[in-house]
Amino acid sequence: MFSLASALLLAFSTNAQQVEFEEYKLDNGMHVILHQDNSAPLVTVGVMYNVGSVDEEDGKTGMAHFYEHLLFTGTKNIERGKWSEIQSARGGSGNANTNWDRTYYYGTYPSNELKLGLWMESERLLHPILDQKAIDTQNEVVKEEKRQRMDNAPYGKIQYGMIYKHIFDNHNYGRPLIGFIEDLDNAKLEEFKAFYDKWYMPNNAVLVVAGDFQKKETKSLIKDYFGTIPARIAPKAVKTIEPERTTEKRVTEYDSNIQLPAIVLAYKTPSMRDRDAKVLDVISTVLSDGKSSRLQKKLVETKKKALAVFSFGRPLVDYSVYTIGAIPLGETTLDDLINEMDEEILKLQTELISDEDLQKVRNKFENNFVSSNSSVEGIASSLVSNYMLMGDTQKINTGLEVINSITKEEIRAVAKKYLAKNKRVVIDYLPASQKK
Amino acid sequence: MKTNIFSIITFLFLSMSISAQVDRTKMPASGPAPKINIGTPKKFTLKNGLQVLVVENHKLPRVSVTLDIDNQPMAHGNKSGVEGFVGGMLGTGSTNMSKEDFDSKVDYLGARISFGSESAFASSLSRYFPEVLELMADAAFNPVFAQEEFDKQMKQSEDGIKANQKSVAAIAGQVDRALTYGKEHPYGEFTTLETLKNITLQDVKNLYTKTFKPNNAYLVIIGDVNFKDVKKQVTSLFSAWKPGVITPQVLPEVKNPATTEINFINMPNAVQSEMAIISAVDLKMNDKDYYAVLLANQILGGGGTGRLYKNLREDKGYTYGAYSGVGANRYASRFKMSASVRNMVTDSAVVEAMKEINKIRYQKATQQELDIAKAKYLGNFVKAVERPSTVASYALSILQNNLPEDYYENYLKNINAVTLDDVQNAAIKYFRADKARIVITGKGIDVLKNLENTDYVINYFDKEGNPTVKPAMTLPIPAGMTAAQVVDKYFEAIGGKDKVMAVNTTMIVSNATIQGTPLVMTRKAAAPNKSSMVISVMGNAMQKIIFDGTKGYQEARGQKMEMKPEEVLEAKAVLAPFNDASYKMGKLDRIEPIDGKNYFVIVLGNTEVFYNVKTGLKAKEIKTVKTPDGKEIEVPTTFADYKEVNGIMFPHSVALKSGPMTLDFKVAEIKINEGVSDADFK
């Protein structure tokens, strides 16, 4: 009955631009974020751990992502191999993902299974099964994941950041997210356990609960399931400084799954927390989002020199990566495409964008923001990412304000500052058949 | 029109006992079942036949609109791809607005507008929606079809097809559809560089004129709109759209093979095989056993709890994921199991997947499996209801599939009523493991050898689904590479030519067992071609072969036989202690991949010698000999476990295979330049 009433109530509130949430800390240091929305009988429980591939030691790469697999094996109270079965048997579903900075586990359930969801995530944190058998099975699975997603996928190295090694000489962002297979093959059980002990603890994690629940009851359940897990000494993440590039570097990558080459311009850009990162997001929209965007219009629509163009920022905590690229059409050479792209970059560095372009960007970001909040699962992930990566949960609501406050002058300045030729890496991304 | 009835479906959960305290050793029980509300869209129909569905939902300030022209599927034969141009060229401006202005306007509003050959989609913030709907209607009804745009898209299509030529997944998907449905069927045909050549701008215009009609069309609007306003706008924008005469299509019959077969597509760049087990099915959403099929599929290959996933990924680690799915399309559907598996286990993955499909057909699933599968459907249903688009898609599905009005209200009830017998019957009827196509797209040279050992006939197809011949199973030899270089590489690998040349005699003692009886083999060799081999059991010599460089004999169980002249000739040619130098005179025949490693193969007389391309080490010698009854058989000797003795690498594991028997010798002792005298060859 309640959910029906609240659904109607919500139907008349139009304040969808704000995502309401409450956050607090448990005594053991675990951060908790709650977002209540009773419009559908659904609840998401997620835990994000402040550990990613960036935290791995030399020679022991791949552990962060490997854990994303391992922690579905089972726990002291959840029999080996039964994780998904238990979740499914109650109508729930879940998954996990890893990136350079963090690892996120989540499940979404019918709302009467909130308790189950909390129990499962707390079990995963408290006492997962970590043994040789689990490691051996997941080792093979991880290798297949690499083959399927990276080795067998056209342009896979661009998509999955395997080209970052050319951008970062010192920083761990230059290492493959999935790790080096030989490291994983050599890793011993004790090393896996040590990794868990170092990073997996309540005071290095954030719990998010979003959807159809009642706060008082939920807080008490959270206290019961998570509050009782002892804190440990929190790890200190080491930040490596990556020196500024001063001359352009040109490298070649080969991909056996492609027939058409691509040209990629890659730049090291500031932390996602930095305002300039948002400005670069705006620049990428101006350059390549939509048919009227500058590169798209010029290279694909008008001059017909490219099959496709793309530009995107990969937001990361220490630095970000900004990539611009194109796939040539017909006889167009890669150097020709570079010249064309340079011309557009130069325009951004020397001319102010129009009022219309600025408003266009704002409309696009507003549209994206609204869409990203269309499911409780999406909101949960967004809340917890804003807390852990952006450093402030409230940024889920202020992100749009930041975009709307960006000026034309700022765009020009940022383009000048970060998209300089001498700071970039040019990647000739070629079909393996052209390998000499 | 004024009704906005909520149909209320009660969740059907089983037991609910509430425990007061948190005991983490016990799995928490479910809370009281929540209620699910499925809304019903408001509907109206225009005079031209266009049916409009509106789902008002004000939670987020956005609206989406979908136009779906529900004509029968149509094959385009040697002009396949023409439909893509209709979709691609719609939305490139209109007779009222240049393409550039259209694109700028859409982008400016932060909106998306896209077209298919018989569809359109748009979404935007609600405050811009009226403008966006107008843009969409203008582009849909007043298209330009400019030659310049056509030429550009033609070039892009050609490059797009070229770009996909090496994508294993793309080729696999294209060919497996062609094989299941047939290339004449709309679902089986695909665009190639040849069909593109046949398409003209006039074809595109003709197809648009013929099929882009309101007769069978639905317009679905979802989101933050007011019904009255949107009805008014739709009526004014879409009423002038003239109905046409839609020609009924005759679809070719879809057939499964008489018995299960493998269809192989060779892709030399594949690092994984795309495998699929496919059978065409005749299944409709209003068939009685529809729900049982869904659940049978869920148990077999639905997500992380499916048997396929558990077996192929969690148990064997063959793949990142293995799933199955079954369609219930009005015109043609199929059951398809699929996985991307690593090359070396492609055959095993086929065997295991077939085992799982047969198991669900021939054995009843467990009650627990069925309960989990049902719960999964309940969960998905709840999740789907969160999206306003679900309300619309359910309503549309009822209209298009001719389903009863209360179809989705009874959906969970029908899922719950399925029994274990129903599941098995559905599996037998629809998961035709006995009449399936096992479509494998992969690297032939790595996977075919093992696939040939399975029970299935293998038929070969090219990337366009045409029958072809078995691909070459060897790799080309690099230019300039010779047998002599391969042998030199081998000598280098075992310690260097100088060290090898300094060896005058060797003695190697090895152990093996035959039917539980321990054997000791002592082999002695001295330059240039003296050799002796003695096999003894419990200290008694059972068999001897001795050659002193000019003559020799064989002795078994006390029976001595002198070597015949031709045997002497053969023995003379064998260089001792390392015979490999004589292989320099052989022919470097090929590079053959075996279990993921590549080998140089030298052929000399009746012997083939395999050297590992990467390590240089010798792995195998195969001698072809004639049996007394004149049959030719292969006698392979394999060498492994190379270890250093006095600076030279010797294989410490040597296996001799003769017919069904294998003798595994483990080396116990090796002596170099000691322990061998001429007396040993007497």
# chains A, B, ... in the order shown; residues from 1 in each chain; ligands from 1
>>> interface_residues(of="chain A", to="chain B", cutoff="6 Å", atoms="only C-alpha atoms", output="list in words")
Ala11, Ala16, Ala40, Asn77, Ser84, Glu85, Ser88, Ala89, Arg90, Gly91, Gly92, Asn112, Glu113, Leu116, Thr137, Glu140, Val141, Glu144, Glu145, Asn257, Ile258, Gln259, Leu260, Lys291, Ser292, Leu307, Lys360, Asn363 and Lys364 of chain A
>>> residues_around(residues="range 374-383 of chain A", least_positions_apart="3", cutoff="6 Å", atoms="only C-alpha atoms", output="count of residues only")
6
>>> select_by_dssp(residues="range 199-320 of chain A", states="strand (DSSP E)", output="VMD selection string")
chain A and resid 205 to 211 249 to 255 262 to 270 306 to 314 319 to 320
>>> write_last_selection(atoms="N, CA and C atoms", output="CSV table (one decimal), in the first residue's frame")
chain,number,residue,atom,x,y,z
A,205,ALA,N,36.1,1.4,3.0
A,205,ALA,CA,34.9,1.0,2.2
A,205,ALA,C,33.8,1.9,2.4
A,206,VAL,N,32.9,2.0,1.4
A,206,VAL,CA,31.7,2.8,1.5
A,206,VAL,C,30.5,1.9,1.2
A,207,LEU,N,29.5,1.9,2.1
A,207,LEU,CA,28.3,1.2,1.8
A,207,LEU,C,27.2,2.1,1.3
A,208,VAL,N,26.5,1.7,0.2
A,208,VAL,CA,25.4,2.5,-0.3
A,208,VAL,C,24.1,1.6,-0.3
A,209,VAL,N,23.0,2.2,0.2
A,209,VAL,CA,21.7,1.5,0.0
A,209,VAL,C,20.8,2.5,-0.7
A,210,ALA,N,20.2,2.0,-1.8
A,210,ALA,CA,19.3,2.9,-2.5
A,210,ALA,C,18.0,2.2,-2.9
A,211,GLY,N,16.9,2.9,-2.8
A,211,GLY,CA,15.7,2.3,-3.2
A,211,GLY,C,14.6,2.3,-2.2
A,249,LYS,N,55.4,12.6,-28.4
A,249,LYS,CA,55.9,11.2,-28.6
A,249,LYS,C,55.0,10.5,-29.6
A,250,ARG,N,55.6,9.8,-30.5
A,250,ARG,CA,54.8,9.1,-31.5
A,250,ARG,C,55.1,7.6,-31.4
A,251,VAL,N,54.1,6.8,-31.2
A,251,VAL,CA,54.3,5.4,-31.1
A,251,VAL,C,53.3,4.6,-32.0
A,252,THR,N,53.6,3.3,-32.1
A,252,THR,CA,52.7,2.5,-33.0
A,252,THR,C,52.2,1.3,-32.1
A,253,GLU,N,50.9,1.1,-32.3
A,253,GLU,CA,50.3,-0.1,-31.7
A,253,GLU,C,49.7,-1.0,-32.8
A,254,TYR,N,49.7,-2.3,-32.6
A,254,TYR,CA,49.0,-3.1,-33.6
A,254,TYR,C,47.9,-3.9,-33.0
A,255,ASP,N,46.9,-4.1,-33.8
A,255,ASP,CA,45.7,-4.8,-33.4
A,255,ASP,C,45.3,-5.8,-34.5
A,262,ALA,N,43.6,3.5,-37.0
A,262,ALA,CA,43.0,4.6,-36.3
A,262,ALA,C,44.2,5.5,-35.9
A,263,ILE,N,43.9,6.8,-35.7
A,263,ILE,CA,44.9,7.7,-35.2
A,263,ILE,C,44.4,8.2,-33.8
A,264,VAL,N,45.2,8.1,-32.8
A,264,VAL,CA,44.8,8.5,-31.5
A,264,VAL,C,45.7,9.6,-30.9
A,265,LEU,N,45.2,10.7,-30.4
A,265,LEU,CA,46.0,11.7,-29.7
A,265,LEU,C,45.6,11.5,-28.2
A,266,ALA,N,46.6,11.3,-27.4
A,266,ALA,CA,46.3,11.0,-26.0
A,266,ALA,C,47.0,12.0,-25.1
A,267,TYR,N,46.3,12.6,-24.2
A,267,TYR,CA,46.9,13.6,-23.3
A,267,TYR,C,46.7,13.2,-21.8
A,268,LYS,N,47.7,13.5,-21.0
A,268,LYS,CA,47.5,13.3,-19.6
A,268,LYS,C,46.8,14.6,-19.1
A,269,THR,N,45.8,14.4,-18.4
A,269,THR,CA,45.0,15.6,-17.9
A,269,THR,C,44.8,15.5,-16.4
A,270,PRO,N,44.3,16.6,-15.8
A,270,PRO,CA,44.3,16.6,-14.3
A,270,PRO,C,43.2,15.7,-13.7
A,306,ALA,N,36.7,10.7,-42.6
A,306,ALA,CA,36.8,9.8,-41.5
A,306,ALA,C,35.5,8.9,-41.4
A,307,LEU,N,35.7,7.7,-41.1
A,307,LEU,CA,34.5,6.8,-40.9
A,307,LEU,C,33.9,7.1,-39.5
A,308,ALA,N,34.7,7.4,-38.6
A,308,ALA,CA,34.3,7.8,-37.2
A,308,ALA,C,35.3,8.7,-36.6
A,309,VAL,N,34.8,9.5,-35.7
A,309,VAL,CA,35.7,10.3,-34.8
A,309,VAL,C,35.3,10.0,-33.4
A,310,PHE,N,36.2,10.2,-32.4
A,310,PHE,CA,35.8,10.0,-31.0
A,310,PHE,C,36.7,10.9,-30.2
A,311,SER,N,36.2,11.3,-29.1
A,311,SER,CA,37.0,12.0,-28.1
A,311,SER,C,36.4,11.7,-26.7
A,312,PHE,N,37.2,11.3,-25.8
A,312,PHE,CA,36.6,11.1,-24.4
A,312,PHE,C,37.6,11.2,-23.4
A,313,GLY,N,37.2,11.7,-22.2
A,313,GLY,CA,38.1,11.7,-21.0
A,313,GLY,C,37.8,10.5,-20.2
A,314,ARG,N,38.9,9.9,-19.7
A,314,ARG,CA,38.7,8.8,-18.7
A,314,ARG,C,39.0,9.5,-17.3
A,319,TYR,N,45.3,11.4,-12.0
A,319,TYR,CA,45.3,12.1,-13.3
A,319,TYR,C,44.2,11.6,-14.1
A,320,SER,N,43.8,12.2,-15.2
A,320,SER,CA,42.8,11.6,-16.1
A,320,SER,C,43.5,11.5,-17.4
>>> select_by_dssp(residues="range 263-370 of chain B", states="alpha helix (DSSP H)", output="ChimeraX atom specification")
/B:290-301,307-308,346-362,367-370
>>> decode(residues="range 154-189 of chain B", atoms="N, CA and C atoms", output="CSV table (one decimal), in the first residue's frame")
chain,number,residue,atom,x,y,z
B,154,MET,N,27.5,5.3,-48.6
B,154,MET,CA,27.9,4.2,-49.3
B,154,MET,C,29.4,3.9,-49.0
B,155,LYS,N,30.2,5.0,-49.0
B,155,LYS,CA,31.6,4.8,-48.6
B,155,LYS,C,31.8,4.4,-47.2
B,156,GLN,N,31.0,4.9,-46.3
B,156,GLN,CA,31.0,4.5,-44.9
B,156,GLN,C,30.6,3.0,-44.7
B,157,SER,N,29.6,2.6,-45.5
B,157,SER,CA,29.1,1.2,-45.4
B,157,SER,C,30.2,0.3,-45.8
B,158,GLU,N,30.9,0.6,-47.0
B,158,GLU,CA,31.9,-0.2,-47.5
B,158,GLU,C,33.1,-0.3,-46.5
B,159,ASP,N,33.5,0.8,-45.9
B,159,ASP,CA,34.5,0.7,-44.9
B,159,ASP,C,34.1,0.0,-43.7
B,160,GLY,N,32.8,0.2,-43.3
B,160,GLY,CA,32.3,-0.5,-42.1
B,160,GLY,C,32.4,-2.0,-42.3
B,161,ILE,N,32.1,-2.5,-43.5
B,161,ILE,CA,32.2,-3.9,-43.8
B,161,ILE,C,33.6,-4.4,-43.8
B,162,LYS,N,34.5,-3.6,-44.4
B,162,LYS,CA,35.9,-3.9,-44.3
B,162,LYS,C,36.4,-4.0,-42.9
B,163,ALA,N,36.0,-3.0,-42.1
B,163,ALA,CA,36.4,-3.0,-40.7
B,163,ALA,C,36.0,-4.2,-40.0
B,164,ASN,N,34.9,-4.8,-40.3
B,164,ASN,CA,34.4,-6.0,-39.6
B,164,ASN,C,35.0,-7.3,-40.1
B,165,GLN,N,35.8,-7.2,-41.1
B,165,GLN,CA,36.3,-8.5,-41.7
B,165,GLN,C,37.1,-9.3,-40.8
B,166,LYS,N,37.7,-8.6,-39.8
B,166,LYS,CA,38.6,-9.3,-38.9
B,166,LYS,C,38.0,-9.5,-37.5
B,167,SER,N,36.8,-9.0,-37.3
B,167,SER,CA,36.1,-9.1,-36.0
B,167,SER,C,35.5,-10.5,-36.0
B,168,VAL,N,36.1,-11.3,-35.1
B,168,VAL,CA,35.6,-12.7,-35.0
B,168,VAL,C,34.1,-12.8,-34.6
B,169,ALA,N,33.8,-11.9,-33.6
B,169,ALA,CA,32.4,-11.9,-33.1
B,169,ALA,C,31.4,-11.5,-34.2
B,170,ALA,N,31.8,-10.4,-35.0
B,170,ALA,CA,30.9,-9.9,-36.0
B,170,ALA,C,30.7,-11.0,-37.1
B,171,ILE,N,31.8,-11.6,-37.5
B,171,ILE,CA,31.6,-12.6,-38.6
B,171,ILE,C,30.8,-13.8,-38.1
B,172,ALA,N,31.1,-14.2,-36.8
B,172,ALA,CA,30.4,-15.3,-36.3
B,172,ALA,C,28.9,-15.1,-36.3
B,173,GLY,N,28.5,-13.9,-35.8
B,173,GLY,CA,27.1,-13.5,-35.7
B,173,GLY,C,26.4,-13.5,-37.1
B,174,GLN,N,27.1,-13.0,-38.1
B,174,GLN,CA,26.6,-12.9,-39.4
B,174,GLN,C,26.4,-14.3,-40.0
B,175,VAL,N,27.4,-15.1,-39.9
B,175,VAL,CA,27.4,-16.4,-40.6
B,175,VAL,C,26.4,-17.3,-39.8
B,176,ASP,N,26.3,-17.2,-38.5
B,176,ASP,CA,25.4,-18.2,-37.8
B,176,ASP,C,24.0,-17.9,-38.1
B,177,ARG,N,23.7,-16.6,-38.4
B,177,ARG,CA,22.3,-16.3,-38.8
B,177,ARG,C,22.0,-16.8,-40.2
B,178,ALA,N,23.0,-16.6,-41.1
B,178,ALA,CA,22.8,-17.1,-42.5
B,178,ALA,C,22.6,-18.6,-42.5
B,179,LEU,N,23.4,-19.3,-41.6
B,179,LEU,CA,23.3,-20.8,-41.6
B,179,LEU,C,21.9,-21.2,-41.1
B,180,THR,N,21.5,-20.6,-40.0
B,180,THR,CA,20.2,-21.1,-39.4
B,180,THR,C,19.0,-20.7,-40.2
B,181,TYR,N,18.9,-19.5,-40.6
B,181,TYR,CA,17.7,-19.0,-41.3
B,181,TYR,C,17.8,-19.2,-42.8
B,182,GLY,N,19.0,-19.3,-43.4
B,182,GLY,CA,19.2,-19.4,-44.8
B,182,GLY,C,19.4,-18.0,-45.3
B,183,LYS,N,20.2,-17.9,-46.4
B,183,LYS,CA,20.6,-16.5,-46.8
B,183,LYS,C,19.4,-15.8,-47.6
B,184,GLU,N,18.3,-16.6,-47.9
B,184,GLU,CA,17.2,-16.0,-48.6
B,184,GLU,C,16.2,-15.3,-47.6
B,185,HIS,N,16.4,-15.7,-46.3
B,185,HIS,CA,15.5,-15.2,-45.3
B,185,HIS,C,15.9,-13.9,-44.8
B,186,PRO,N,14.9,-13.0,-44.5
B,186,PRO,CA,15.3,-11.6,-44.0
B,186,PRO,C,16.2,-11.7,-42.8
B,187,TYR,N,16.0,-12.7,-41.9
B,187,TYR,CA,16.9,-12.8,-40.7
B,187,TYR,C,18.2,-13.4,-41.0
B,188,GLY,N,18.4,-14.0,-42.2
B,188,GLY,CA,19.6,-14.7,-42.5
B,188,GLY,C,20.5,-13.9,-43.5
B,189,GLU,N,19.9,-13.0,-44.2
B,189,GLU,CA,20.7,-12.3,-45.2
B,189,GLU,C,21.6,-11.2,-44.6
